[in-house]
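In what follows, a structure is listed as structure tokens, so that the remarks can point back to it.
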There are 2 protein chains.
Amino acid sequence: MMQLHELTATALRAKLAAGETTAEAVTQSCLARIADLEGSIHAWIHLAGDEALTRARASDAGPAPGLLQGIPVGVKDIIDTADMPTAYGSTLYQGHRPPWDASCVSLVRAAGGVPLGKTVSTEFAYFAPGATANPHNIAHTPGGSSSGSAAAVAARMVPLAFGSQTAGSVIRPASYCGVVGFKASRGKHCLAGIKTLAHSLDTLGWFARSVPDIALMRSALLGEEQGLGDSSSHAPRIGVCRTAQWNEAEPSSQQALAAAAERFAAAGAQVEDLDLPPLFDDYNASQQRLMNYEVARALAYERIDHRNEISDVLCANCDEGLAVTEAEYEAARNHGRAGRHAFAELMQDVDILLTPSAPGEAPAGLAATGDPKFNRTWTLLGVPALSLPGHTGQQGLPVGIQLIGRFGGDLDLLRWGQWAEERLR
Amino acid sequence: MMQLHELTATALRAKLAAGETTAEAVTQSCLARIADLEGSIHAWIHLAGDEALTRARASDAGPAPGLLQGIPVGVKDIIDTADMPTAYGSTLYQGHRPPWDASCVSLVRAAGGVPLGKTVSTEFAYFAPGATANPHNIAHTPGGSSSGSAAAVAARMVPLAFGSQTAGSVIRPASYCGVVGFKASRGKHCLAGIKTLAHSLDTLGWFARSVPDIALMRSALLGEEQGLGDSSSHAPRIGVCRTAQWNEAEPSSQQALAAAAERFAAAGAQVEDLDLPPLFDDYNASQQRLMNYEVARALAYERIDHRNEISDVLCANCDEGLAVTEAEYEAARNHGRAGRHAFAELMQDVDILLTPSAPGEAPAGLAATGDPKFNRTWTLLGVPALSLPGHTGQQGLPVGIQLIGRFGGDLDLLRWGQWAEERLR
């Protein structure tokens, strides 16, 4: 029999509703798992075990349950919490205590969720890594910037955890850690109380070990339960999109994509190649230019008043951003918009795209978090993205595949994601 | 001879560059003016006179000047400052000291600007007013939510001050207070460190007493000087847009528009009526629905954990937002996007629109801040907006006119704004 910390949020919800366990027992199981593994994984920058247990006990004693009643949740350290320190992955803000909960944290609490602690983020959710190791092999990076959240969910420390994506900070670590990662459509969820990295790209995301769990968190954030329905009835039309970076993908990632396409076709999906038009050839470059321009502004205080306390790599990225003129910035924004129009047309013929989540297995070493080259385009498009595990590379590490939906069609993407997840089992 | 506090930022910049005055003298003049009038105007929630004087003296002793070197600036209280309290217009956060400067504050400091203090905001930049009175008649509202910034610039307390607009929080108070108000294109400037009210609508703006001053602040924020050039060479094509709310405008506002149109035509502008297509008939309603949905999420912590400490009107707005379903919210977002496409086409035939800034003169009483009905559409469109003073209503209070530019065309709007400002003198 599986232990409580191994169960999905959806399974825990059913058990709790049936009175087969208590929120306190669930929280204790997660805390015990963390005590076992945290010494090697380093997924957490702050644990609030006592507060979580208090909240769990209150949940057990409380009134009608919310969608996440009694479910432990990890919170990325760039997301504000009123009762836990929030350091934004930077030594500069060590011990900082925000006066509020971020919108997403407040909505999780309102739904009965139990924030368990803050998970390790790279510095301000950009490139300089934290201490987190990949649970599948601690000599490898878990990816970033949502490193701790991806690792914590992968290590069965917590069933759900928040991340955020500006380039590839949810989908890439999900792929590296072998969990389900979801980046919402841009603007769908409020980012109030989340440290801004690049204002026109930052997007909320979260990790789980099943697509229904992803949908459960989404329902909690929306404040309305939206089920995935029965996904077995019919199969999607899938465009296989290798992207301009395909030749830079490792065999493991190419194989993961091919294997998934084959499975989906065998299950009745209409699977066809779909190449992005030439407009997208340098779309990644526009994302990067736009991002660095905005990072240099969002972190103006840190780079000007505390330059010695931020990393060299962040300084270098800010300097790149400062070299971009307003005209170049507007050109990148216009490129982004032109892509969105073109993409909407492209998606009239298919339901979802199938594309790599990451270049391959998690790279060795903890000094870097891997390359978001298979994520930048989708983040600039603002479309919802879902990484599903299932494939294993030559080094024995997980390799995900990425499904892309229409802008705003987050629920549809999750419905097709559930279909795909069931076919990949 | 004009006193220093009466001069525009552009005039002060020239005087400072020529060595005809010092930053310290400028700051002292503004502080003296504040000491004279603040007892009746209540524009400031926090004054940092000593710190500003220290900074001004350092500026006088310092190296090569920035674009705002030695220029005092007011900062709306929803904008974070590391060295001043930031209470977001709410008693809930009284005395709160953020760990950083907001992006816009940091960029102003980097350009040599001297933050003088925090200006009164309505509660969280929504409707519940602060104590600020209209400098033209203290029995009347200055408008909101950027009440203190508009009043401080109007009262010659400071030449420049930041605001923000989610519905009509810059353009309306600018009109009521008889100053120049500018709302940038959405997404043009970073909002990091500014309390989120509605994430897809919030936009940075600022107040000044001339269009070149507005452009000077813009250059400082961008980090590149962009002059307005010679605006006398040719005249714009102007579309006069009365909007679906025209019949709700008071005679003063209708007259201000007609008088401006006449002046502009006489000065050689091509002036023609331009009606918005039917798509825009309920565009204001979509803005309001979208706003309340997002406000209820952005202020989730405040409305859930501190419901007794927020105003009844804010609670009511949040409740309205919670009654909006995700499908209705997406419909409003789609309406917003459809409008943006339609508007871009519409603007191919004209350079700017001329439209009312507000329903009329500032209403009597300080219990409400007036109606943003002439602003909601432009904010949802995300296009740049400029309010110019010049007209006076029957009660002797100022009435502005509003110029609207193309999305992203902020500099072009300011160039035409300079042309218009000169014609209105």
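Every chain in the structure tokens has a letter given in the order shown (A, B, ...), and although residue numbers restart at 1 in each chain, ligands are simply numbered from 1 in the order shown.
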**Report entry** Selection near Glu24 (chain B), 7 Å with only C-alpha atoms, sequence-local residues under 6 positions removed, as a ChimeraX atom specification
**Finding:** /B:53,56-57
Residue selection dump (N, CA and C atoms) as a short mmCIF file (atom, residue, chain, number, x, y, z; two decimals), in the first residue's frame:
```cif
data_model
loop_
_atom_site.label_atom_id
_atom_site.label_comp_id
_atom_site.auth_asym_id
_atom_site.auth_seq_id
_atom_site.Cartn_x
_atom_site.Cartn_y
_atom_site.Cartn_z
N LEU B 53 16.52 66.76 0.97
CA LEU B 53 17.54 67.82 0.99
C LEU B 53 18.95 67.21 0.97
N ALA B 56 19.51 66.16 -2.49
CA ALA B 56 19.69 67.33 -3.35
C ALA B 56 21.10 67.90 -3.21
N ARG B 57 21.58 67.96 -1.96
CA ARG B 57 22.95 68.47 -1.74
C ARG B 57 23.97 67.55 -2.40
#
```
Requested in this report: Report as an MDAnalysis selection string the set of chain B residues whose atoms approach chain A to within 9 Å, with distances computed over only C-alpha atoms.
Outcome: chainID B and resid 93 96 98:107 110 187:193 195:200 221:224 294 297:302 304:305 322 325:326 330 408
Residues of the last selection are to be written out with N, CA and C atoms, as a compact mmCIF listing (two decimals), in the first residue's frame.
```txt
# COMPACT_ATOMS: atom_id res chain seq x y z
N TYR B 93 -1.86 48.74 6.02
CA TYR B 93 -0.41 48.70 5.82
C TYR B 93 0.29 49.95 6.36
N HIS B 96 4.15 50.41 6.86
CA HIS B 96 4.91 49.36 6.16
C HIS B 96 6.10 49.95 5.41
N PRO B 98 8.74 48.83 2.59
CA PRO B 98 9.17 47.80 1.63
C PRO B 98 10.69 47.64 1.64
N PRO B 99 11.16 46.48 1.21
CA PRO B 99 12.62 46.24 1.22
C PRO B 99 13.30 46.80 -0.04
N TRP B 100 12.55 47.42 -0.92
CA TRP B 100 13.11 47.87 -2.20
C TRP B 100 12.41 49.14 -2.68
N ASP B 101 13.01 49.77 -3.68
CA ASP B 101 12.31 50.79 -4.47
C ASP B 101 11.62 50.10 -5.63
N ALA B 102 10.42 50.55 -5.95
CA ALA B 102 9.79 50.10 -7.19
C ALA B 102 10.69 50.46 -8.36
N SER B 103 10.52 49.73 -9.45
CA SER B 103 11.34 49.97 -10.65
C SER B 103 11.34 51.45 -11.03
N CYS B 104 10.17 52.07 -11.10
CA CYS B 104 10.11 53.46 -11.57
C CYS B 104 10.82 54.41 -10.62
N VAL B 105 10.77 54.14 -9.33
CA VAL B 105 11.46 54.99 -8.35
C VAL B 105 12.97 54.83 -8.49
N SER B 106 13.39 53.61 -8.65
CA SER B 106 14.81 53.35 -8.79
C SER B 106 15.37 54.03 -10.04
N LEU B 107 14.60 53.98 -11.13
CA LEU B 107 15.05 54.60 -12.37
C LEU B 107 15.08 56.13 -12.24
N ALA B 110 18.16 56.92 -10.28
CA ALA B 110 19.34 56.72 -11.12
C ALA B 110 19.52 57.90 -12.08
N GLY B 187 2.19 48.00 -20.53
CA GLY B 187 3.36 47.15 -20.69
C GLY B 187 4.62 47.89 -21.08
N LYS B 188 4.49 49.18 -21.38
CA LYS B 188 5.68 49.94 -21.80
C LYS B 188 6.66 50.09 -20.64
N HIS B 189 6.14 50.36 -19.45
CA HIS B 189 7.00 50.56 -18.29
C HIS B 189 6.72 49.47 -17.25
N CYS B 190 7.76 49.08 -16.58
CA CYS B 190 7.71 47.99 -15.60
C CYS B 190 6.97 48.43 -14.34
N LEU B 191 6.08 47.58 -13.85
CA LEU B 191 5.31 47.90 -12.64
C LEU B 191 5.85 47.19 -11.40
N ALA B 192 7.05 46.61 -11.48
CA ALA B 192 7.60 45.91 -10.32
C ALA B 192 7.66 46.85 -9.13
N GLY B 193 7.15 46.41 -7.99
CA GLY B 193 7.14 47.22 -6.80
C GLY B 193 5.93 48.14 -6.69
N LYS B 195 1.84 48.04 -6.14
CA LYS B 195 0.79 47.12 -5.69
C LYS B 195 -0.17 46.84 -6.84
N THR B 196 -0.37 45.57 -7.12
CA THR B 196 -1.27 45.18 -8.20
C THR B 196 -2.72 45.43 -7.81
N LEU B 197 -3.47 46.06 -8.71
CA LEU B 197 -4.91 46.19 -8.50
C LEU B 197 -5.65 45.28 -9.48
N ALA B 198 -5.33 45.40 -10.78
CA ALA B 198 -5.91 44.51 -11.79
C ALA B 198 -4.82 44.29 -12.84
N HIS B 199 -4.29 43.07 -12.87
CA HIS B 199 -2.99 42.86 -13.54
C HIS B 199 -3.02 43.13 -15.03
N SER B 200 -4.15 42.97 -15.69
CA SER B 200 -4.13 43.18 -17.14
C SER B 200 -4.52 44.61 -17.51
N LEU B 221 12.81 57.24 -17.54
CA LEU B 221 12.39 55.86 -17.30
C LEU B 221 12.98 54.92 -18.33
N LEU B 222 13.05 55.39 -19.58
CA LEU B 222 13.59 54.54 -20.65
C LEU B 222 15.10 54.44 -20.57
N GLY B 223 15.73 55.46 -19.98
CA GLY B 223 17.19 55.47 -19.97
C GLY B 223 17.77 55.96 -21.27
N GLU B 224 16.95 56.62 -22.08
CA GLU B 224 17.46 57.24 -23.31
C GLU B 224 16.66 58.51 -23.57
N GLU B 294 -10.33 40.73 -11.54
CA GLU B 294 -8.91 40.73 -11.21
C GLU B 294 -8.64 41.35 -9.84
N ARG B 297 -8.97 38.91 -7.08
CA ARG B 297 -7.81 37.99 -6.98
C ARG B 297 -6.57 38.72 -6.47
N ALA B 298 -6.31 39.92 -6.98
CA ALA B 298 -5.09 40.64 -6.60
C ALA B 298 -5.11 40.96 -5.11
N LEU B 299 -6.29 41.27 -4.60
CA LEU B 299 -6.42 41.63 -3.18
C LEU B 299 -7.02 40.48 -2.39
N ALA B 300 -6.73 39.25 -2.82
CA ALA B 300 -7.29 38.08 -2.14
C ALA B 300 -6.90 38.07 -0.67
N TYR B 301 -5.63 38.34 -0.39
CA TYR B 301 -5.18 38.32 1.00
C TYR B 301 -5.93 39.34 1.84
N GLU B 302 -6.06 40.54 1.33
CA GLU B 302 -6.70 41.61 2.08
C GLU B 302 -8.19 41.31 2.29
N ILE B 304 -9.73 38.42 2.25
CA ILE B 304 -10.00 37.20 3.03
C ILE B 304 -9.50 37.34 4.46
N ASP B 305 -8.26 37.76 4.63
CA ASP B 305 -7.66 37.78 5.96
C ASP B 305 -7.92 39.07 6.73
N LEU B 322 -16.04 38.31 -7.73
CA LEU B 322 -16.12 36.87 -7.43
C LEU B 322 -17.32 36.23 -8.10
N THR B 325 -17.67 34.49 -13.71
CA THR B 325 -17.09 33.17 -13.96
C THR B 325 -15.84 33.31 -14.84
N GLU B 326 -15.06 32.23 -14.91
CA GLU B 326 -13.88 32.26 -15.77
C GLU B 326 -14.29 32.48 -17.23
N GLU B 330 -12.93 35.41 -19.53
CA GLU B 330 -12.27 35.20 -20.82
C GLU B 330 -13.00 35.96 -21.93
N GLY B 408 1.64 51.66 -28.23
CA GLY B 408 3.10 51.66 -28.35
C GLY B 408 3.66 52.97 -28.88
```
Report task. Would you mind writing down, as a list in words, each residue of region 199-273 of chain A that DSSP on the backbone assigns to strand (DSSP E or B)? Result ->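 Residues of region 199-273 of chain A classed as strand (DSSP E or B): Thr203, Leu204, Gly205, Trp206, Phe207, Ala208, Arg237, Ile238, Gly239, Val240, Gln270, Val271, Glu272 and Asp273 of chain A.
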Per DSSP on the backbone, filter region 4-198 of chain B down to the residues in helix (DSSP H, G or I) and report them as a compact mmCIF listing (two decimals) with N, CA and C atoms, in the first residue's frame.
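Produced file out-v4.txt, reproduced below:
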```txt
# COMPACT_ATOMS: atom_id res chain seq x y z
N LEU B 4 11.05 79.09 -7.72
CA LEU B 4 11.54 77.80 -8.23
C LEU B 4 10.43 76.74 -8.27
N HIS B 5 9.60 76.71 -7.23
CA HIS B 5 8.58 75.66 -7.18
C HIS B 5 7.51 75.84 -8.26
N GLU B 6 7.46 77.03 -8.86
CA GLU B 6 6.47 77.27 -9.91
C GLU B 6 6.95 76.80 -11.28
N ALA B 9 9.72 71.10 -14.74
CA ALA B 9 10.95 70.31 -14.61
C ALA B 9 11.94 70.70 -15.71
N THR B 10 11.42 70.92 -16.91
CA THR B 10 12.28 71.29 -18.03
C THR B 10 12.98 72.63 -17.77
N ALA B 11 12.24 73.59 -17.22
CA ALA B 11 12.84 74.89 -16.90
C ALA B 11 13.86 74.75 -15.78
N LEU B 12 13.52 73.94 -14.78
CA LEU B 12 14.47 73.72 -13.67
C LEU B 12 15.74 73.05 -14.18
N ARG B 13 15.56 72.10 -15.07
CA ARG B 13 16.72 71.39 -15.63
C ARG B 13 17.67 72.37 -16.31
N ALA B 14 17.11 73.31 -17.08
CA ALA B 14 17.93 74.30 -17.78
C ALA B 14 18.64 75.21 -16.78
N LYS B 15 17.91 75.65 -15.77
CA LYS B 15 18.49 76.53 -14.74
C LYS B 15 19.61 75.83 -13.98
N LEU B 16 19.37 74.56 -13.65
CA LEU B 16 20.38 73.79 -12.92
C LEU B 16 21.62 73.58 -13.79
N ALA B 17 21.38 73.24 -15.05
CA ALA B 17 22.50 73.00 -15.97
C ALA B 17 23.33 74.27 -16.16
N ALA B 23 20.06 72.23 -6.73
CA ALA B 23 19.04 71.25 -6.39
C ALA B 23 18.51 71.50 -4.99
N GLU B 24 19.40 71.90 -4.09
CA GLU B 24 18.97 72.17 -2.72
C GLU B 24 17.94 73.31 -2.68
N ALA B 25 18.21 74.36 -3.44
CA ALA B 25 17.28 75.49 -3.47
C ALA B 25 15.93 75.08 -4.06
N VAL B 26 15.98 74.25 -5.09
CA VAL B 26 14.74 73.77 -5.71
C VAL B 26 13.93 72.97 -4.70
N THR B 27 14.60 72.04 -4.04
CA THR B 27 13.90 71.21 -3.05
C THR B 27 13.34 72.07 -1.92
N GLN B 28 14.15 73.03 -1.47
CA GLN B 28 13.67 73.90 -0.39
C GLN B 28 12.45 74.72 -0.81
N SER B 29 12.45 75.17 -2.04
CA SER B 29 11.30 75.93 -2.54
C SER B 29 10.04 75.07 -2.56
N CYS B 30 10.19 73.83 -3.02
CA CYS B 30 9.04 72.92 -3.04
C CYS B 30 8.57 72.61 -1.61
N LEU B 31 9.50 72.38 -0.72
CA LEU B 31 9.13 72.08 0.67
C LEU B 31 8.43 73.26 1.33
N ALA B 32 8.89 74.47 1.01
CA ALA B 32 8.25 75.66 1.57
C ALA B 32 6.82 75.79 1.05
N ARG B 33 6.65 75.51 -0.24
CA ARG B 33 5.32 75.56 -0.83
C ARG B 33 4.39 74.54 -0.18
N ILE B 34 4.94 73.36 0.06
CA ILE B 34 4.16 72.31 0.73
C ILE B 34 3.77 72.76 2.13
N ALA B 35 4.73 73.34 2.84
CA ALA B 35 4.45 73.83 4.20
C ALA B 35 3.32 74.85 4.18
N ASP B 36 3.29 75.67 3.14
CA ASP B 36 2.23 76.69 3.03
C ASP B 36 0.85 76.09 2.81
N LEU B 37 0.77 75.09 1.95
CA LEU B 37 -0.54 74.66 1.44
C LEU B 37 -1.03 73.30 1.92
N GLU B 38 -0.12 72.49 2.43
CA GLU B 38 -0.50 71.12 2.73
C GLU B 38 -1.65 71.03 3.75
N GLY B 39 -1.72 71.97 4.65
CA GLY B 39 -2.78 71.97 5.66
C GLY B 39 -4.17 71.99 5.07
N SER B 40 -4.29 72.53 3.85
CA SER B 40 -5.62 72.53 3.23
C SER B 40 -5.74 71.52 2.08
N ILE B 41 -4.61 71.16 1.46
CA ILE B 41 -4.68 70.26 0.30
C ILE B 41 -4.55 68.78 0.67
N GLY B 49 11.36 65.34 3.69
CA GLY B 49 12.07 66.60 3.43
C GLY B 49 13.56 66.52 3.70
N ASP B 50 13.93 65.99 4.86
CA ASP B 50 15.35 65.94 5.22
C ASP B 50 16.14 65.05 4.26
N GLU B 51 15.58 63.87 3.98
CA GLU B 51 16.25 62.95 3.07
C GLU B 51 16.36 63.58 1.67
N ALA B 52 15.31 64.27 1.24
CA ALA B 52 15.33 64.90 -0.08
C ALA B 52 16.41 65.99 -0.12
N LEU B 53 16.52 66.76 0.97
CA LEU B 53 17.54 67.82 0.99
C LEU B 53 18.95 67.21 0.97
N THR B 54 19.14 66.13 1.71
CA THR B 54 20.44 65.44 1.68
C THR B 54 20.77 64.97 0.27
N ARG B 55 19.77 64.40 -0.38
CA ARG B 55 19.96 63.91 -1.75
C ARG B 55 20.22 65.08 -2.71
N ALA B 56 19.51 66.16 -2.49
CA ALA B 56 19.69 67.33 -3.35
C ALA B 56 21.10 67.90 -3.21
N ARG B 57 21.58 67.96 -1.96
CA ARG B 57 22.95 68.47 -1.74
C ARG B 57 23.97 67.55 -2.40
N ALA B 58 23.74 66.25 -2.29
CA ALA B 58 24.65 65.30 -2.95
C ALA B 58 24.59 65.50 -4.45
N SER B 59 23.40 65.77 -4.95
CA SER B 59 23.22 66.02 -6.39
C SER B 59 24.02 67.24 -6.81
N ASP B 60 23.97 68.30 -5.99
CA ASP B 60 24.71 69.52 -6.31
C ASP B 60 26.22 69.27 -6.32
N ALA B 61 26.66 68.37 -5.45
CA ALA B 61 28.10 68.10 -5.33
C ALA B 61 28.56 67.02 -6.28
N THR B 91 -5.24 51.68 5.72
CA THR B 91 -4.80 51.67 7.13
C THR B 91 -4.15 50.33 7.47
N LEU B 92 -4.51 49.30 6.71
CA LEU B 92 -3.97 47.95 6.95
C LEU B 92 -2.45 47.93 6.89
N TYR B 93 -1.86 48.74 6.02
CA TYR B 93 -0.41 48.70 5.82
C TYR B 93 0.29 49.95 6.36
N SER B 103 10.52 49.73 -9.45
CA SER B 103 11.34 49.97 -10.65
C SER B 103 11.34 51.45 -11.03
N CYS B 104 10.17 52.07 -11.10
CA CYS B 104 10.11 53.46 -11.57
C CYS B 104 10.82 54.41 -10.62
N VAL B 105 10.77 54.14 -9.33
CA VAL B 105 11.46 54.99 -8.35
C VAL B 105 12.97 54.83 -8.49
N SER B 106 13.39 53.61 -8.65
CA SER B 106 14.81 53.35 -8.79
C SER B 106 15.37 54.03 -10.04
N LEU B 107 14.60 53.98 -11.13
CA LEU B 107 15.05 54.60 -12.37
C LEU B 107 15.08 56.13 -12.24
N VAL B 108 14.13 56.69 -11.50
CA VAL B 108 14.13 58.14 -11.25
C VAL B 108 15.36 58.53 -10.43
N ARG B 109 15.65 57.76 -9.39
CA ARG B 109 16.84 58.06 -8.58
C ARG B 109 18.10 57.95 -9.44
N ALA B 110 18.16 56.92 -10.28
CA ALA B 110 19.34 56.72 -11.12
C ALA B 110 19.52 57.90 -12.08
N GLU B 123 -7.72 54.00 -1.50
CA GLU B 123 -7.42 52.68 -0.95
C GLU B 123 -7.05 51.70 -2.08
N PHE B 124 -5.79 51.23 -2.07
CA PHE B 124 -5.30 50.29 -3.08
C PHE B 124 -5.55 50.78 -4.51
N ALA B 125 -5.62 52.10 -4.68
CA ALA B 125 -5.83 52.71 -6.00
C ALA B 125 -7.21 52.39 -6.59
N SER B 147 -4.82 60.80 -6.42
CA SER B 147 -5.31 62.09 -5.93
C SER B 147 -4.19 63.02 -5.51
N GLY B 148 -3.29 62.54 -4.67
CA GLY B 148 -2.24 63.39 -4.12
C GLY B 148 -1.25 63.85 -5.19
N SER B 149 -0.93 62.99 -6.12
CA SER B 149 0.03 63.37 -7.17
C SER B 149 -0.54 64.46 -8.06
N ALA B 150 -1.80 64.32 -8.46
CA ALA B 150 -2.42 65.34 -9.30
C ALA B 150 -2.52 66.67 -8.55
N ALA B 151 -2.94 66.60 -7.28
CA ALA B 151 -3.11 67.83 -6.49
C ALA B 151 -1.76 68.48 -6.22
N ALA B 152 -0.73 67.69 -5.93
CA ALA B 152 0.58 68.25 -5.59
C ALA B 152 1.18 68.97 -6.80
N VAL B 153 1.02 68.40 -7.99
CA VAL B 153 1.55 69.06 -9.19
C VAL B 153 0.73 70.32 -9.49
N ALA B 154 -0.59 70.23 -9.30
CA ALA B 154 -1.45 71.39 -9.55
C ALA B 154 -1.13 72.53 -8.58
N ILE B 171 -5.85 60.16 -15.85
CA ILE B 171 -6.44 61.16 -16.75
C ILE B 171 -7.53 61.97 -16.05
N ARG B 172 -8.37 61.30 -15.25
CA ARG B 172 -9.46 62.01 -14.58
C ARG B 172 -8.94 63.02 -13.55
N PRO B 173 -8.06 62.63 -12.62
CA PRO B 173 -7.53 63.65 -11.69
C PRO B 173 -6.72 64.74 -12.39
N ALA B 174 -6.05 64.41 -13.48
CA ALA B 174 -5.33 65.46 -14.23
C ALA B 174 -6.33 66.50 -14.73
N SER B 175 -7.45 66.02 -15.26
CA SER B 175 -8.48 66.92 -15.77
C SER B 175 -9.07 67.76 -14.64
N TYR B 176 -9.41 67.12 -13.53
CA TYR B 176 -10.02 67.83 -12.39
C TYR B 176 -9.07 68.86 -11.78
N CYS B 177 -7.76 68.56 -11.82
CA CYS B 177 -6.79 69.44 -11.16
C CYS B 177 -6.12 70.41 -12.12
```
Report task. To one decimal in Å, tell me the separation between CA of Pro372 (chain A) and CA of Phe207 (chain A). Result -> 17.2 Å
Query raised in the report: Contacts of Arg376 (chain B) at 12 Å or less, counting only C-alpha atoms, minus same-chain residues fewer than 4 places along, as an MDAnalysis selection string?
Result: chainID B and resid 165:172 201:202 243:245 280 282:291 336 356:358 371:372 380:383 385
Report task. For CA of Ile45 (chain B) and CA of Gly117 (chain B), determine how far apart the two atoms are, in Å to one decimal place. Result ->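 Computing it gives 7.8 Å between the two atoms.
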**Report entry** Residue contacts of Ser90 (chain B) (10 Å, only C-alpha atoms) excluding same-chain residues fewer than 2 positions away, as a PyMOL selection string
**Finding:** chain B and resi 77-78+86-88+92-94+121-125+128+130+309-311
Requested in this report: For Ala259 (chain A), work out the shell of residues within 10 Å, counting only C-alpha atoms and skipping chain neighbours fewer than 6 positions away, then give it as JSON, numbers by chain.
Outcome: {"A": [253, 265, 390, 391, 401, 424]}
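Of the listed residues A:Pro251, A:Gly178, A:Pro359, A:Pro85, the one whose atoms come nearest to Pro398 (chain A) is A:Gly178, with distances taken using only C-alpha atoms.
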Report summary line: One decimal place gives the CA of Ser146 (chain A)-CA of Gly163 (chain A) separation as 5.1 Å
